[in-house]
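What follows is a short report on a single structure.
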Amino acid sequence: MHFAHLPAGYITSKILFRRFHKTPAGYKLFMFCGMAGAIAPDFDILYDFLFDNSQGNHHEYFTHIPAFWLSLLLISLLWLLLDKHSSPSPSSAVVFTLGGFIHMILDTCTGPIFWLAPFSYTSYSWHSPNEYPWDVAYFVSWAFILELFIIWWAIFLFMKKKASSL
């Protein structure tokens, strides 16, 4: 995915905020954490450009290992269960780490992700190679349609919120 991570974070946060409405996390903080988590795995691109001279695929860094995000998600869920709604931090951590984990799922649509790492470094991807050059191939794939749908859904939810506040 290239463009849908942030909209996916918005959708996730918007849906989950209703579920977490009893937590002390305010709407803006909750939305920010969910959207930041959805793009957080791609912060490794900065490292790739600044320190690794773009030598490899940034999906090989720990920030693109699903076990990393799943571990953080489970820890934050445990924290949320133990917290008893006294702090905004656990629910913010849950939505942040869930955004990171959803990022892994979305990236599997378009590129290799190491779902079994650190036990196996076999890459998995739902994207099939095709006969078009790489710069055209994405725009004629089902993943691009999925990405457009996610963006449309986020815009729909945003506009629905705007319309209800009028």
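In the structure tokens, chains take letters A, B, ... by order of appearance, with residues numbered from 1 within each chain and ligands from 1 in the order shown.
Near A:Ile45, within 10 Å and counting only C-alpha atoms, sit Phe51, Asp52, Ser54, Asn57, His58, His59, Tyr61 and Thr63 of chain A; same-chain residues fewer than 6 positions away were not included.
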* Would you kindly return, as an MDAnalysis selection string, each protein, DNA or RNA residue with an atom no farther than 12 Å from any atom of A:Thr122, considering only C-alpha atoms and excluding same-chain residues fewer than 4 positions away? => chainID A and resid 60 65 112:118
Could you write out that same residue set with N, CA and C atoms as an mmCIF file, in the first residue's frame?
data_model
loop_
_atom_site.group_PDB
_atom_site.id
_atom_site.type_symbol
_atom_site.label_atom_id
_atom_site.label_comp_id
_atom_site.auth_asym_id
_atom_site.auth_seq_id
_atom_site.Cartn_x
_atom_site.Cartn_y
_atom_site.Cartn_z
ATOM 1 N N GLU A 60 12.385 -5.176 5.601
ATOM 2 C CA GLU A 60 13.250 -6.111 6.331
ATOM 3 C C GLU A 60 13.597 -5.616 7.729
ATOM 4 N N ILE A 65 8.005 -6.130 11.045
ATOM 5 C CA ILE A 65 7.852 -7.515 11.484
ATOM 6 C C ILE A 65 6.529 -7.612 12.252
ATOM 7 N N PRO A 112 6.380 -7.919 0.033
ATOM 8 C CA PRO A 112 6.709 -9.022 0.935
ATOM 9 C C PRO A 112 6.781 -8.578 2.396
ATOM 10 N N ILE A 113 6.137 -9.358 3.261
ATOM 11 C CA ILE A 113 6.194 -9.161 4.708
ATOM 12 C C ILE A 113 6.624 -10.492 5.318
ATOM 13 N N PHE A 114 7.446 -10.420 6.331
ATOM 14 C CA PHE A 114 7.984 -11.616 6.985
ATOM 15 C C PHE A 114 7.090 -11.995 8.165
ATOM 16 N N TRP A 115 5.964 -12.640 7.870
ATOM 17 C CA TRP A 115 4.958 -12.940 8.881
ATOM 18 C C TRP A 115 5.442 -13.907 9.949
ATOM 19 N N LEU A 116 6.382 -14.743 9.661
ATOM 20 C CA LEU A 116 6.837 -15.728 10.648
ATOM 21 C C LEU A 116 8.132 -15.329 11.342
ATOM 22 N N ALA A 117 8.663 -14.153 11.021
ATOM 23 C CA ALA A 117 9.891 -13.695 11.675
ATOM 24 C C ALA A 117 9.601 -13.486 13.162
ATOM 25 N N PRO A 118 10.525 -13.774 14.009
ATOM 26 C CA PRO A 118 11.933 -14.105 13.808
ATOM 27 C C PRO A 118 12.216 -15.593 13.627
#
Give one line per residue of stretch 40-159 of chain A that approaches stretch 6-22 of chain A to at most 6 Å, naming the two atoms of the closest pair and their distance in Å to one decimal, counting only C-alpha atoms; sort by chain then ascending residue number and deliver it as JSON lines.
{"residue": "A:Gly99", "atom": "CA", "partner": "A:Gly9", "partner_atom": "CA", "distance": 5.6}
{"residue": "A:Ile151", "atom": "CA", "partner": "A:Pro7", "partner_atom": "CA", "distance": 5.6}
{"residue": "A:Ala154", "atom": "CA", "partner": "A:Pro7", "partner_atom": "CA", "distance": 5.4}
* Run DSSP on the backbone and grab whatever in stretch 69-135 of chain A lands in alpha helix (DSSP H); send it over as a VMD selection string. => chain A and resid 69 to 83 89 to 108 134 to 135
Save the residues we just selected, C-alpha atoms, as a compact mmCIF listing (two decimals), in the first residue's frame?
# COMPACT_ATOMS: atom_id res chain seq x y z
CA TRP A 69 3.41 -5.18 16.42
CA LEU A 70 1.43 -8.16 17.69
CA SER A 71 3.59 -8.27 20.84
CA LEU A 72 3.07 -4.55 21.45
CA LEU A 73 -0.66 -4.94 20.82
CA LEU A 74 -0.97 -7.79 23.33
CA ILE A 75 1.02 -5.87 25.94
CA SER A 76 -1.14 -2.78 25.44
CA LEU A 77 -4.34 -4.86 25.67
CA LEU A 78 -3.10 -6.34 28.95
CA TRP A 79 -2.28 -2.83 30.16
CA LEU A 80 -5.78 -1.71 29.20
CA LEU A 81 -7.36 -4.60 31.12
CA LEU A 82 -5.31 -3.86 34.23
CA ASP A 83 -5.79 -0.08 34.09
CA SER A 89 -2.46 5.89 27.86
CA PRO A 90 -3.58 2.23 27.56
CA SER A 91 -6.37 2.89 25.06
CA SER A 92 -4.04 5.17 23.11
CA ALA A 93 -1.41 2.41 23.08
CA VAL A 94 -3.98 -0.14 21.89
CA VAL A 95 -5.13 1.97 18.95
CA PHE A 96 -1.52 2.92 18.09
CA THR A 97 -0.28 -0.68 18.02
CA LEU A 98 -3.41 -1.90 16.24
CA GLY A 99 -2.69 0.70 13.55
CA GLY A 100 0.83 -0.71 13.21
CA PHE A 101 -0.50 -4.25 12.93
CA ILE A 102 -3.08 -3.26 10.32
CA HIS A 103 -0.21 -1.63 8.42
CA MET A 104 1.40 -5.09 8.20
CA ILE A 105 -1.78 -6.57 6.73
CA LEU A 106 -2.08 -3.78 4.17
CA ASP A 107 1.59 -4.07 3.19
CA THR A 108 1.09 -7.78 2.55
CA TRP A 134 6.57 -1.87 -11.82
CA ASP A 135 5.44 1.75 -12.09
* Residue with smallest distance to A:Met1 - pool A:Ser141, A:Thr23, A:Ser120, A:Ser86, counting only C-alpha atoms -> A:Ser141
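Comparing the minimum interatomic distances between A:His5 and each of A:Ile39, A:Phe68, A:Phe32, A:Tyr132, counting only C-alpha atoms, we find that A:Ile39 sits nearest.
Restricting the calculation to only C-alpha atoms, the smallest distance between A:His2 and any of A:Pro88, A:Lys162, A:Asp42, A:Phe119 is found for A:Asp42.
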